[in-house]
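start-v6.cif, holding mmCIF, C-alpha atoms:
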```cif
data_target
loop_
_atom_site.label_atom_id
_atom_site.label_comp_id
_atom_site.auth_asym_id
_atom_site.auth_seq_id
_atom_site.Cartn_x
_atom_site.Cartn_y
_atom_site.Cartn_z
CA MET A 1 -34.01 -9.78 9.53
CA GLU A 2 -36.56 -7.35 10.97
CA THR A 3 -35.35 -5.24 13.89
CA GLN A 4 -38.49 -6.12 15.84
CA THR A 5 -37.77 -9.85 15.47
CA LEU A 6 -34.33 -9.34 17.00
CA MET A 7 -35.73 -7.26 19.88
CA THR A 8 -38.46 -9.82 20.57
CA ARG A 9 -35.95 -12.68 20.58
CA PHE A 10 -33.68 -10.70 22.94
CA THR A 11 -36.54 -10.38 25.44
CA GLU A 12 -37.39 -14.09 25.08
CA VAL A 13 -33.79 -15.05 25.84
CA PHE A 14 -32.84 -12.49 28.51
CA GLY A 15 -36.17 -11.36 29.96
CA LYS A 16 -37.60 -7.90 30.36
CA GLY A 17 -35.51 -5.00 31.62
CA GLY A 18 -34.23 -1.75 30.16
CA GLU A 19 -34.66 -1.06 26.46
CA PRO A 20 -31.83 -2.82 24.56
CA ALA A 21 -29.76 -1.05 21.89
CA LEU A 22 -29.11 -2.30 18.35
CA PHE A 23 -25.77 -2.39 16.54
CA PHE A 24 -24.53 -3.59 13.15
CA ALA A 25 -21.14 -4.49 11.73
CA PRO A 26 -20.84 -5.54 8.07
CA GLY A 27 -18.90 -8.33 6.47
CA ARG A 28 -16.34 -7.44 3.82
CA ILE A 29 -15.16 -8.37 0.40
CA ASN A 30 -11.69 -7.63 -0.86
CA LEU A 31 -11.90 -6.36 -4.42
CA ILE A 32 -8.21 -7.11 -5.01
CA GLY A 33 -5.02 -7.38 -2.99
CA GLU A 34 -5.10 -10.94 -1.62
CA HIS A 35 -2.43 -12.20 0.80
CA THR A 36 -0.69 -8.83 0.52
CA ASP A 37 -1.70 -7.51 3.96
CA TYR A 38 0.81 -9.50 6.03
CA ASN A 39 3.42 -8.86 3.32
CA GLY A 40 3.31 -5.12 3.97
CA GLY A 41 1.39 -4.31 0.81
CA TYR A 42 -1.90 -2.75 -0.21
CA VAL A 43 -5.39 -4.19 0.02
CA PHE A 44 -8.60 -2.84 -1.49
CA PRO A 45 -11.60 -4.00 0.57
CA ALA A 46 -15.15 -2.75 0.95
CA SER A 47 -17.79 -3.37 3.62
CA ILE A 48 -20.94 -5.07 2.35
CA SER A 49 -24.63 -5.13 3.22
CA PHE A 50 -24.44 -8.57 4.89
CA GLY A 51 -23.15 -8.60 8.43
CA THR A 52 -23.75 -9.08 12.15
CA TYR A 53 -26.53 -7.51 14.20
CA ALA A 54 -26.07 -7.21 17.95
CA VAL A 55 -28.78 -6.35 20.49
CA ALA A 56 -27.43 -5.51 23.94
CA ARG A 57 -28.10 -3.88 27.26
CA LYS A 58 -26.06 -3.22 30.38
CA ARG A 59 -26.48 -5.29 33.52
CA SER A 60 -26.23 -4.06 37.11
CA ASP A 61 -23.76 -6.87 38.02
CA ARG A 62 -20.52 -8.12 36.37
CA LYS A 63 -22.06 -11.06 34.54
CA LEU A 64 -21.81 -11.41 30.74
CA GLN A 65 -24.42 -13.39 28.80
CA PHE A 66 -23.94 -14.21 25.11
CA TYR A 67 -26.50 -15.73 22.77
CA SER A 68 -26.39 -16.20 19.00
CA MET A 69 -29.42 -16.95 16.85
CA ASN A 70 -26.96 -18.66 14.47
CA PHE A 71 -25.87 -21.11 17.18
CA ASP A 72 -29.20 -21.57 18.93
CA ASN A 73 -28.23 -25.10 19.97
CA LEU A 74 -25.47 -23.71 22.21
CA GLY A 75 -27.95 -21.66 24.22
CA VAL A 76 -26.77 -18.79 26.42
CA ILE A 77 -23.02 -18.78 27.11
CA GLU A 78 -22.19 -17.15 30.45
CA SER A 79 -19.01 -15.43 31.54
CA SER A 80 -17.96 -12.59 33.82
CA LEU A 81 -15.80 -9.48 33.71
CA ASP A 82 -13.68 -11.33 36.29
CA GLY A 83 -13.14 -14.37 34.05
CA LEU A 84 -12.35 -13.23 30.53
CA ALA A 85 -9.65 -15.79 29.70
CA TYR A 86 -10.07 -17.76 26.46
CA GLN A 87 -12.12 -20.93 26.98
CA LYS A 88 -12.46 -23.40 24.14
CA SER A 89 -15.87 -24.45 25.48
CA ASP A 90 -17.14 -20.87 25.01
CA ASN A 91 -16.98 -21.43 21.24
CA TRP A 92 -17.98 -18.34 19.17
CA ALA A 93 -18.45 -16.25 22.36
CA ASN A 94 -14.66 -15.99 22.62
CA TYR A 95 -14.79 -13.21 20.00
CA PRO A 96 -16.95 -10.77 22.03
CA LYS A 97 -15.23 -11.92 25.23
CA GLY A 98 -11.81 -11.22 23.70
CA MET A 99 -12.92 -7.78 22.53
CA THR A 100 -14.20 -6.95 26.04
CA LYS A 101 -10.93 -8.14 27.60
CA LEU A 102 -8.82 -6.08 25.17
CA PHE A 103 -10.86 -2.95 25.89
CA ILE A 104 -10.33 -3.39 29.65
CA ASP A 105 -6.64 -4.27 29.20
CA ASN A 106 -6.23 -1.02 27.26
CA GLY A 107 -7.59 1.13 30.06
CA PHE A 108 -11.26 1.47 29.11
CA SER A 109 -13.63 1.46 32.06
CA ILE A 110 -16.19 -1.34 31.85
CA GLU A 111 -17.56 -1.93 35.36
CA ASN A 112 -20.85 -3.63 34.47
CA GLY A 113 -21.66 -6.78 32.59
CA TYR A 114 -24.09 -6.98 29.68
CA ASP A 115 -26.53 -9.26 27.88
CA ILE A 116 -25.97 -9.52 24.14
CA LEU A 117 -27.73 -11.31 21.30
CA PHE A 118 -26.08 -11.75 17.91
CA PHE A 119 -27.58 -12.54 14.53
CA GLY A 120 -25.40 -12.77 11.44
CA ASN A 121 -26.54 -13.13 7.85
CA ILE A 122 -23.01 -13.65 6.50
CA PRO A 123 -23.01 -17.23 5.15
CA ASN A 124 -21.05 -19.42 7.57
CA GLY A 125 -17.63 -20.43 6.23
CA ALA A 126 -17.97 -18.12 3.21
CA GLY A 127 -14.78 -16.22 3.98
CA LEU A 128 -16.53 -12.84 4.13
CA SER A 129 -15.14 -12.32 7.62
CA SER A 130 -17.83 -13.11 10.14
CA SER A 131 -15.37 -13.20 13.08
CA ALA A 132 -14.12 -9.64 12.49
CA SER A 133 -17.74 -8.57 12.06
CA ILE A 134 -18.59 -9.95 15.52
CA GLU A 135 -15.53 -8.20 17.00
CA LEU A 136 -16.46 -4.79 15.58
CA ALA A 137 -20.14 -5.18 16.48
CA THR A 138 -18.94 -5.81 20.04
CA GLY A 139 -16.59 -2.83 19.83
CA VAL A 140 -19.31 -0.34 18.85
CA MET A 141 -21.58 -1.86 21.51
CA LEU A 142 -18.96 -1.30 24.25
CA GLU A 143 -18.22 2.20 22.95
CA THR A 144 -21.91 3.15 23.03
CA LEU A 145 -23.24 1.41 26.17
CA PHE A 146 -20.28 2.42 28.34
CA ASP A 147 -19.86 5.97 26.94
CA LEU A 148 -16.27 5.31 25.86
CA THR A 149 -14.20 7.55 23.62
CA ILE A 150 -12.13 5.40 21.32
CA ASP A 151 -10.55 6.27 17.99
CA ARG A 152 -11.99 3.95 15.34
CA VAL A 153 -8.57 2.87 14.03
CA GLU A 154 -7.65 1.94 17.64
CA MET A 155 -10.80 -0.19 17.84
CA VAL A 156 -9.82 -1.87 14.57
CA LYS A 157 -6.36 -2.66 16.01
CA LEU A 158 -7.96 -4.19 19.12
CA GLY A 159 -10.05 -6.42 16.86
CA GLN A 160 -6.91 -7.67 15.14
CA LYS A 161 -5.29 -8.31 18.53
CA VAL A 162 -8.28 -10.46 19.49
CA GLU A 163 -7.54 -12.67 16.46
CA ASN A 164 -3.75 -12.71 16.92
CA GLN A 165 -3.28 -12.81 20.69
CA TYR A 166 -6.55 -14.13 22.10
CA ILE A 167 -7.86 -16.56 19.45
CA GLY A 168 -4.40 -17.36 18.02
CA VAL A 169 -4.94 -16.78 14.29
CA ASN A 170 -2.00 -14.98 12.69
CA SER A 171 -4.12 -12.72 10.45
CA GLY A 172 -3.51 -9.25 9.03
CA ILE A 173 -5.54 -6.13 9.78
CA MET A 174 -7.58 -5.89 6.58
CA ASP A 175 -10.81 -7.52 7.80
CA GLN A 176 -11.23 -5.38 10.91
CA PHE A 177 -10.16 -2.24 9.02
CA ALA A 178 -12.68 -2.74 6.21
CA ILE A 179 -15.47 -3.46 8.68
CA GLY A 180 -14.61 -0.66 11.09
CA MET A 181 -13.82 2.03 8.51
CA GLY A 182 -16.22 1.09 5.69
CA LYS A 183 -18.12 3.80 3.83
CA GLU A 184 -21.19 3.43 1.66
CA ASN A 185 -20.40 3.12 -2.06
CA HIS A 186 -16.64 3.30 -1.45
CA ALA A 187 -13.76 0.85 -1.28
CA ILE A 188 -10.67 1.50 0.86
CA LEU A 189 -7.13 1.43 -0.49
CA LEU A 190 -5.21 0.54 2.66
CA ASP A 191 -1.43 0.48 3.07
CA CYS A 192 -1.06 -2.34 5.60
CA ASN A 193 2.45 -1.14 6.56
CA THR A 194 1.45 2.37 7.65
CA LEU A 195 -2.38 2.12 7.90
CA ASP A 196 -2.58 5.12 5.58
CA TYR A 197 -5.81 4.80 3.63
CA LYS A 198 -7.80 6.44 0.84
CA TYR A 199 -11.41 5.95 -0.19
CA ALA A 200 -12.28 5.24 -3.81
CA PRO A 201 -15.86 5.87 -4.93
CA ILE A 202 -17.38 2.79 -6.51
CA ASP A 203 -19.73 3.77 -9.29
CA LEU A 204 -20.38 0.55 -11.13
CA GLY A 205 -23.07 1.98 -13.41
CA GLU A 206 -24.60 -0.92 -15.32
CA TYR A 207 -22.54 -3.49 -13.38
CA VAL A 208 -22.84 -5.21 -10.00
CA ILE A 209 -20.46 -7.14 -7.78
CA MET A 210 -21.74 -10.69 -7.63
CA ILE A 211 -20.51 -12.90 -4.79
CA MET A 212 -20.29 -16.60 -5.63
CA ASN A 213 -20.04 -18.95 -2.65
CA THR A 214 -18.38 -22.32 -3.32
CA ASN A 215 -20.28 -23.75 -0.32
CA LYS A 216 -17.08 -25.57 0.55
CA ARG A 217 -16.06 -24.97 4.13
CA ARG A 218 -12.56 -23.54 4.44
CA GLU A 219 -11.17 -26.17 6.78
CA LEU A 220 -7.73 -26.01 5.11
CA ALA A 221 -7.45 -22.25 5.18
CA ASP A 222 -5.84 -21.62 8.57
CA SER A 223 -3.05 -24.20 8.31
CA LYS A 224 -2.19 -23.28 4.71
CA TYR A 225 -2.47 -19.59 5.58
CA ASN A 226 0.26 -19.90 8.22
CA GLU A 227 2.38 -21.96 5.80
CA ARG A 228 2.12 -19.30 3.06
CA ARG A 229 2.96 -16.62 5.57
CA SER A 230 6.14 -18.37 6.68
CA GLN A 231 7.15 -19.01 3.05
CA CYS A 232 6.91 -15.28 2.35
CA GLU A 233 8.91 -14.49 5.50
CA SER A 234 11.61 -16.90 4.36
CA ALA A 235 11.71 -15.30 0.87
CA LEU A 236 11.99 -11.88 2.51
CA LYS A 237 14.97 -13.06 4.61
CA ASP A 238 16.75 -14.21 1.45
CA LEU A 239 16.13 -10.84 -0.23
CA GLN A 240 17.34 -9.00 2.87
CA THR A 241 20.82 -10.49 2.42
CA GLU A 242 21.32 -7.75 -0.19
CA LEU A 243 18.30 -5.43 0.01
CA ALA A 244 17.44 -3.00 2.82
CA ILE A 245 13.71 -3.77 2.93
CA ALA A 246 11.34 -4.57 5.81
CA SER A 247 8.59 -6.19 3.72
CA LEU A 248 7.85 -7.58 0.25
CA GLY A 249 5.37 -4.74 -0.18
CA GLU A 250 8.25 -2.27 -0.56
CA LEU A 251 9.46 -3.86 -3.80
CA SER A 252 8.45 -2.72 -7.27
CA ILE A 253 8.03 -5.42 -9.92
CA ALA A 254 11.32 -4.34 -11.54
CA GLU A 255 13.20 -4.56 -8.22
CA PHE A 256 11.74 -8.00 -7.56
CA GLU A 257 12.67 -9.31 -11.00
CA ALA A 258 16.23 -7.99 -10.62
CA ASN A 259 16.68 -9.67 -7.23
CA LYS A 260 14.48 -12.79 -7.23
CA HIS A 261 17.58 -14.98 -7.77
CA LEU A 262 18.41 -14.28 -4.10
CA ILE A 263 15.44 -16.45 -3.06
CA SER A 264 16.87 -19.95 -2.82
CA SER A 265 13.61 -21.90 -3.01
CA GLU A 266 11.67 -21.95 -6.27
CA VAL A 267 8.38 -22.31 -4.39
CA GLU A 268 9.18 -19.34 -2.14
CA GLN A 269 10.12 -17.31 -5.22
CA LYS A 270 6.61 -17.93 -6.61
CA ARG A 271 5.01 -16.91 -3.31
CA ALA A 272 7.01 -13.66 -3.21
CA LYS A 273 6.22 -12.98 -6.87
CA HIS A 274 2.51 -13.12 -6.09
CA ALA A 275 2.88 -10.70 -3.17
CA VAL A 276 4.82 -8.14 -5.25
CA TYR A 277 2.75 -8.36 -8.44
CA GLU A 278 -0.57 -8.41 -6.55
CA ASN A 279 0.49 -5.29 -4.68
CA GLN A 280 0.99 -3.47 -7.97
CA ARG A 281 -2.33 -4.75 -9.34
CA THR A 282 -4.06 -3.36 -6.24
CA LYS A 283 -2.63 0.14 -6.75
CA ASP A 284 -3.52 -0.08 -10.45
CA ALA A 285 -7.12 -1.08 -9.62
CA PHE A 286 -7.49 2.00 -7.39
CA ASP A 287 -6.32 4.24 -10.27
CA ARG A 288 -8.53 2.51 -12.84
CA LEU A 289 -11.61 2.80 -10.60
CA HIS A 290 -10.98 6.53 -10.25
CA GLU A 291 -10.96 6.73 -14.05
CA ASN A 292 -14.11 4.57 -14.11
CA ASP A 293 -12.32 2.10 -16.41
CA LEU A 294 -14.22 -1.01 -15.31
CA GLU A 295 -12.86 -3.14 -18.14
CA ALA A 296 -9.32 -2.57 -16.88
CA VAL A 297 -10.45 -3.40 -13.33
CA GLY A 298 -11.99 -6.64 -14.63
CA ALA A 299 -8.72 -7.61 -16.35
CA LEU A 300 -6.84 -7.01 -13.07
CA LEU A 301 -9.30 -9.28 -11.22
CA ASN A 302 -8.58 -12.06 -13.72
CA GLN A 303 -4.81 -11.63 -13.39
CA SER A 304 -5.15 -11.70 -9.61
CA HIS A 305 -6.99 -15.03 -9.67
CA LYS A 306 -4.42 -16.62 -11.98
CA SER A 307 -1.61 -15.48 -9.69
CA LEU A 308 -3.42 -16.93 -6.66
CA GLN A 309 -3.96 -20.14 -8.61
CA TYR A 310 -0.46 -20.71 -10.00
CA ASP A 311 1.99 -18.66 -7.89
CA TYR A 312 0.32 -18.66 -4.46
CA GLU A 313 -1.61 -21.92 -4.92
CA VAL A 314 -4.52 -21.13 -2.62
CA THR A 315 -7.52 -21.56 -4.93
CA GLY A 316 -8.58 -25.19 -5.38
CA ILE A 317 -10.95 -26.75 -7.91
CA GLU A 318 -14.08 -25.08 -6.52
CA LEU A 319 -12.83 -21.49 -6.73
CA ASP A 320 -11.12 -22.14 -10.08
CA THR A 321 -14.35 -23.55 -11.53
CA LEU A 322 -16.31 -20.46 -10.44
CA ALA A 323 -13.75 -17.98 -11.77
CA GLU A 324 -12.97 -19.79 -15.02
CA THR A 325 -16.65 -20.35 -15.81
CA ALA A 326 -17.40 -16.69 -15.07
CA TRP A 327 -14.64 -15.59 -17.50
CA GLN A 328 -16.47 -17.38 -20.32
CA GLN A 329 -19.79 -15.60 -19.74
CA ASP A 330 -21.07 -12.72 -21.82
CA GLY A 331 -21.47 -9.69 -19.53
CA VAL A 332 -18.67 -10.58 -17.07
CA LEU A 333 -15.76 -8.11 -16.97
CA GLY A 334 -13.68 -10.13 -14.52
CA ALA A 335 -13.75 -12.62 -11.65
CA ARG A 336 -11.44 -13.81 -8.87
CA MET A 337 -11.41 -15.62 -5.57
CA THR A 338 -11.64 -13.36 -2.52
CA GLY A 339 -10.48 -14.12 1.01
CA ALA A 340 -7.95 -16.67 2.23
CA GLY A 341 -8.82 -19.28 -0.40
CA PHE A 342 -9.39 -23.08 -0.32
CA GLY A 343 -13.13 -22.56 -0.48
CA GLY A 344 -15.11 -19.54 0.56
CA CYS A 345 -16.13 -17.08 -2.16
CA ALA A 346 -15.25 -15.60 -5.50
CA ILE A 347 -16.48 -12.27 -6.86
CA ALA A 348 -17.39 -11.22 -10.39
CA LEU A 349 -18.08 -7.88 -12.03
CA VAL A 350 -21.28 -8.58 -13.97
CA GLU A 351 -23.54 -6.53 -16.22
CA LYS A 352 -26.86 -6.07 -14.38
CA ALA A 353 -28.97 -7.11 -17.35
CA LYS A 354 -27.11 -10.41 -17.66
CA VAL A 355 -26.87 -11.45 -13.99
CA ASP A 356 -29.60 -14.12 -14.17
CA GLN A 357 -28.14 -15.76 -17.27
CA VAL A 358 -24.62 -15.67 -15.80
CA LYS A 359 -25.85 -17.29 -12.57
CA THR A 360 -27.71 -20.02 -14.46
CA ASN A 361 -24.68 -20.89 -16.59
CA ILE A 362 -22.19 -20.90 -13.72
CA ASP A 363 -24.57 -22.89 -11.50
CA LYS A 364 -24.95 -25.58 -14.17
CA THR A 365 -21.23 -25.96 -14.91
CA TYR A 366 -20.22 -25.85 -11.22
CA THR A 367 -22.87 -28.35 -10.09
CA GLU A 368 -21.94 -30.80 -12.85
CA LYS A 369 -18.23 -30.58 -12.05
CA ILE A 370 -18.25 -30.27 -8.23
CA GLY A 371 -21.37 -32.24 -7.34
CA TYR A 372 -23.27 -29.58 -5.42
CA ALA A 373 -24.50 -26.07 -6.21
CA PRO A 374 -22.88 -22.70 -5.47
CA THR A 375 -24.85 -19.81 -3.94
CA PHE A 376 -24.99 -16.29 -5.38
CA TYR A 377 -25.43 -12.91 -3.67
CA GLU A 378 -25.32 -9.39 -5.01
CA ALA A 379 -23.26 -7.15 -2.77
CA THR A 380 -24.07 -3.56 -2.11
CA ILE A 381 -21.28 -1.54 -0.53
CA GLY A 382 -22.48 -0.19 2.82
CA ASP A 383 -21.21 1.67 5.87
CA GLY A 384 -18.85 0.30 8.48
CA ALA A 385 -19.76 -0.79 12.03
CA LYS A 386 -22.21 1.49 13.81
CA ALA A 387 -24.89 1.86 16.48
CA LEU A 388 -28.39 1.73 15.02
CA THR A 389 -30.13 2.79 18.27
CA HIS A 390 -28.74 4.31 21.45
CA GLU A 391 -30.57 3.00 24.49
CA GLY A 392 -29.37 -0.08 26.35
CA GLY A 393 -29.25 0.88 30.01
CA ARG A 394 -30.69 -1.17 32.84
#
```

Using structure tokens, write down the structure from this file.
Amino acid sequence: METQTLMTRFTEVFGKGGEPALFFAPGRINLIGEHTDYNGGYVFPASISFGTYAVARKRSDRKLQFYSMNFDNLGVIESSLDGLAYQKSDNWANYPKGMTKLFIDNGFSIENGYDILFFGNIPNGAGLSSSASIELATGVMLETLFDLTIDRVEMVKLGQKVENQYIGVNSGIMDQFAIGMGKENHAILLDCNTLDYKYAPIDLGEYVIMIMNTNKRRELADSKYNERRSQCESALKDLQTELAIASLGELSIAEFEANKHLISSEVEQKRAKHAVYENQRTKDAFDRLHENDLEAVGALLNQSHKSLQYDYEVTGIELDTLAETAWQQDGVLGARMTGAGFGGCAIALVEKAKVDQVKTNIDKTYTEKIGYAPTFYEATIGDGAKALTHEGGR
């Protein structure tokens, strides 16, 4: 999307006034480390070139006006700094509203309203984290337009609070962290217990990260997500009868295997096994990337998918078809689902020269089996949320 197109649309929607400012927050992929974040483990995400653009300017009153080019049919959604409570009827605008409320609740001075236009090129329902992208785009907008000084990790935490406390989704911190802290050509190894993090350079050489969208909306994801989370909490309680641990992420594979008999439910034992083994795979992937051993990284991706398929049971026929078909292709080092599961996307590490052939083969098999086609994107690893221009007064 051309910057000028966004600016022109902003003026069409909100009228002339001061020069608006432009902001961008990426989406994210998680290379490996799925469903480990809320289990106190490691994740390994990266911010991608798709994301959310925001064009905004300050108002002289306390009114807030939200418009999204992705939800043109909803028109302009109006609110006020004096009425920031969650409203179901405000639809997607609850994300920027929630972010504004959390900033104010945490002592940041926002005395004026604003007009803001959003445009996102993250495919809707793809599981590449469009909601966290909107939150962080709003965060950098508030920081810039209102001359606020906020530590970026604090902004990331506010984004998570919007999800947990304002929207009511019990999600971990990975999405906001990856989007807020992303760095071009790097992935982030994040310890979700401590928020300690390290960057790993991603030099894929002759390979690319290919995103494969199932095009199945993830309507199951939230309910199953909360169910998986409570199953892991129950497994942890059983382990805590004899182990002094605060999260599954503290266990090594050997410690888990020696104590898994404490978990009374067989299903919960499988869920905990995934959390512990996936945590180790994530740390291993970080080490292998540093050694530039892409074949080993590919093997870890495959193991991760199988664990999500059989132990965590969050894949489904669409994601399994994408991953399993990718495994059979010449030029693919590895593939796995990414995100919460039950639809959304998978990723594959593919040799550049063979991308077109791989896409053609996967498309054919998937369409025959599922009944509709997948969509493919090549992800470049870009920077985290940032201001692209710095005007925006009125």

Contact residues around segment 258-262 of chain A with all atoms listed in the file at 7 Å, ignoring same-chain residues under 4 positions, as a VMD selection string: chain A and resid 238 to 239 254 269

Selection in question (the file shown): the PyMOL selection byres ((chain A and resi 362-365) around 10). Which residues does it include, as a CSV table (one decimal) with C-alpha atoms, in the coordinates of the input?
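Output saved as part-v9.csv:
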```
chain,number,residue,atom,x,y,z
A,212,MET,CA,-20.3,-16.6,-5.6
A,321,THR,CA,-14.4,-23.6,-11.5
A,322,LEU,CA,-16.3,-20.5,-10.4
A,323,ALA,CA,-13.8,-18.0,-11.8
A,324,GLU,CA,-13.0,-19.8,-15.0
A,325,THR,CA,-16.6,-20.4,-15.8
A,326,ALA,CA,-17.4,-16.7,-15.1
A,327,TRP,CA,-14.6,-15.6,-17.5
A,328,GLN,CA,-16.5,-17.4,-20.3
A,329,GLN,CA,-19.8,-15.6,-19.7
A,357,GLN,CA,-28.1,-15.8,-17.3
A,358,VAL,CA,-24.6,-15.7,-15.8
A,359,LYS,CA,-25.8,-17.3,-12.6
A,360,THR,CA,-27.7,-20.0,-14.5
A,361,ASN,CA,-24.7,-20.9,-16.6
A,366,TYR,CA,-20.2,-25.8,-11.2
A,367,THR,CA,-22.9,-28.4,-10.1
A,368,GLU,CA,-21.9,-30.8,-12.8
A,369,LYS,CA,-18.2,-30.6,-12.0
A,370,ILE,CA,-18.2,-30.3,-8.2
A,371,GLY,CA,-21.4,-32.2,-7.3
A,372,TYR,CA,-23.3,-29.6,-5.4
A,373,ALA,CA,-24.5,-26.1,-6.2
A,374,PRO,CA,-22.9,-22.7,-5.5
A,375,THR,CA,-24.8,-19.8,-3.9
A,376,PHE,CA,-25.0,-16.3,-5.4
```

Within 9 Å of segment 118-123 of chain A using only C-alpha atoms, minus same-chain residues under 5 positions, as a PyMOL selection string: chain A and resi 1+6+26-27+50-56+66-70+128-130+133-134+137+213+215

Hits of the PyMOL selection byres ((chain A and resi 265) around 12) in this structure, as number ranges by chain: A: 231-232, 234-239, 260-264, 266-272

Expected selection from the PyMOL selection byres ((chain A and resi 184) around 12), given as a list in words: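 This file gives the following for the PyMOL selection byres ((chain A and resi 184) around 12): Pro26, Ala46, Ser47, Ile48, Ser49, Ala178, Ile179, Met181, Gly182, Lys183, Asn185, His186, Ala187, Ile188, Tyr199, Ala200, Pro201, Ile202, Asp203, Ala379, Thr380, Ile381, Gly382, Asp383, Gly384 and Ala385 of chain A.
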
Let me see the file: selected residues, C-alpha atoms, as a short mmCIF file (atom, residue, chain, number, x, y, z; two decimals), in the coordinates of the input.
```
data_model
loop_
_atom_site.label_atom_id
_atom_site.label_comp_id
_atom_site.auth_asym_id
_atom_site.auth_seq_id
_atom_site.Cartn_x
_atom_site.Cartn_y
_atom_site.Cartn_z
CA PRO A 26 -20.84 -5.54 8.07
CA ALA A 46 -15.15 -2.75 0.95
CA SER A 47 -17.79 -3.37 3.62
CA ILE A 48 -20.94 -5.07 2.35
CA SER A 49 -24.63 -5.13 3.22
CA ALA A 178 -12.68 -2.74 6.21
CA ILE A 179 -15.47 -3.46 8.68
CA MET A 181 -13.82 2.03 8.51
CA GLY A 182 -16.22 1.09 5.69
CA LYS A 183 -18.12 3.80 3.83
CA ASN A 185 -20.40 3.12 -2.06
CA HIS A 186 -16.64 3.30 -1.45
CA ALA A 187 -13.76 0.85 -1.28
CA ILE A 188 -10.67 1.50 0.86
CA TYR A 199 -11.41 5.95 -0.19
CA ALA A 200 -12.28 5.24 -3.81
CA PRO A 201 -15.86 5.87 -4.93
CA ILE A 202 -17.38 2.79 -6.51
CA ASP A 203 -19.73 3.77 -9.29
CA ALA A 379 -23.26 -7.15 -2.77
CA THR A 380 -24.07 -3.56 -2.11
CA ILE A 381 -21.28 -1.54 -0.53
CA GLY A 382 -22.48 -0.19 2.82
CA ASP A 383 -21.21 1.67 5.87
CA GLY A 384 -18.85 0.30 8.48
CA ALA A 385 -19.76 -0.79 12.03
#
```

Within 8 Å of segment 7-10 of chain A using all atoms listed in the file, minus same-chain residues under 4 positions, as a VMD selection string: chain A and resid 3 14 to 15 20 55 116 to 117

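Taking atom CA of Asn30 of chain A as the reference point, atom CA of Gly339 of chain A is found at 6.9 Å.
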
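Residues in contact with Ile77 of chain A at up to 12 Å, not including ones fewer than 3 positions away on its chain and judged by only C-alpha atoms, are Val13, Phe14, Lys63, Leu64, Gln65, Phe66, Tyr67, Ser68, Phe71, Asp72, Asn73, Leu74, Ser80, Gln87, Lys88, Ser89, Asp90, Asn91, Trp92, Ala93, Asn94, Pro96, Lys97, Asp115, Ile116, Leu117 and Phe118 of chain A.
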
For atom CA of Leu204 of chain A and atom CA of Glu295 of chain A, the interatomic separation in Å (one decimal):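 Atom CA of Glu295 of chain A lies at a distance of 10.9 Å from atom CA of Leu204 of chain A.
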
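Counting from atom CA of Gly205 of chain A, the distance to atom CA of Gly331 of chain A is 13.3 Å.
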
Nearby residues, (-25.4, -5.0, 38.2) file frame, 12 Å, only C-alpha atoms, as a list in words: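 Nearby residues: Arg57, Lys58, Arg59, Ser60, Asp61, Arg62, Lys63, Leu64, Ser80, Leu81, Ile110, Glu111, Asn112, Gly113, Tyr114, Asp115, Gly393 and Arg394 of chain A.
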
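With all atoms listed in the file as the atoms that count, the minimum distance from Phe44 of chain A to the choices A:Asp287, A:Glu233, A:Glu255, A:Asp82 is reached by A:Asp287.
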
First collect every listed atom of segment 153-166 of chain A; then fit an axis-aligned box around them, widen it by 6 Å on each side, and give centre and edge lengths in Å to one decimal, as AutoDock Vina command-line options.
```
--center_x -7.0 --center_y -5.6 --center_z 18.1 --size_x 19.5 --size_y 29.0 --size_z 20.1
```

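Among the candidates A:Tyr377, A:Tyr312, A:Tyr38, A:Phe24, the one nearest to Asp175 of chain A when counting all atoms listed in the file is A:Tyr38.
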
Non-local contacts of Thr214 of chain A (7 Å; all atoms listed in the file; under 4 positions in same chain excluded) as an NGL selection string: :A and (318-319 or 343-345 or 374-375)

Expected answer as a PyMOL selection string: all residues with atoms within 12 Å of (-4.5, -7.2, 16.6), all atoms listed in the file: chain A and resi 98-99+102+132+135+153-177

Selection export as a compact mmCIF listing (two decimals), keeping the file's coordinate frame, atoms kept: C-alpha atoms:
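This is the output file out_32.txt:
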```txt
# COMPACT_ATOMS: atom_id res chain seq x y z
CA GLY A 98 -11.81 -11.22 23.70
CA MET A 99 -12.92 -7.78 22.53
CA LEU A 102 -8.82 -6.08 25.17
CA ALA A 132 -14.12 -9.64 12.49
CA GLU A 135 -15.53 -8.20 17.00
CA VAL A 153 -8.57 2.87 14.03
CA GLU A 154 -7.65 1.94 17.64
CA MET A 155 -10.80 -0.19 17.84
CA VAL A 156 -9.82 -1.87 14.57
CA LYS A 157 -6.36 -2.66 16.01
CA LEU A 158 -7.96 -4.19 19.12
CA GLY A 159 -10.05 -6.42 16.86
CA GLN A 160 -6.91 -7.67 15.14
CA LYS A 161 -5.29 -8.31 18.53
CA VAL A 162 -8.28 -10.46 19.49
CA GLU A 163 -7.54 -12.67 16.46
CA ASN A 164 -3.75 -12.71 16.92
CA GLN A 165 -3.28 -12.81 20.69
CA TYR A 166 -6.55 -14.13 22.10
CA ILE A 167 -7.86 -16.56 19.45
CA GLY A 168 -4.40 -17.36 18.02
CA VAL A 169 -4.94 -16.78 14.29
CA ASN A 170 -2.00 -14.98 12.69
CA SER A 171 -4.12 -12.72 10.45
CA GLY A 172 -3.51 -9.25 9.03
CA ILE A 173 -5.54 -6.13 9.78
CA MET A 174 -7.58 -5.89 6.58
CA ASP A 175 -10.81 -7.52 7.80
CA GLN A 176 -11.23 -5.38 10.91
CA PHE A 177 -10.16 -2.24 9.02
```
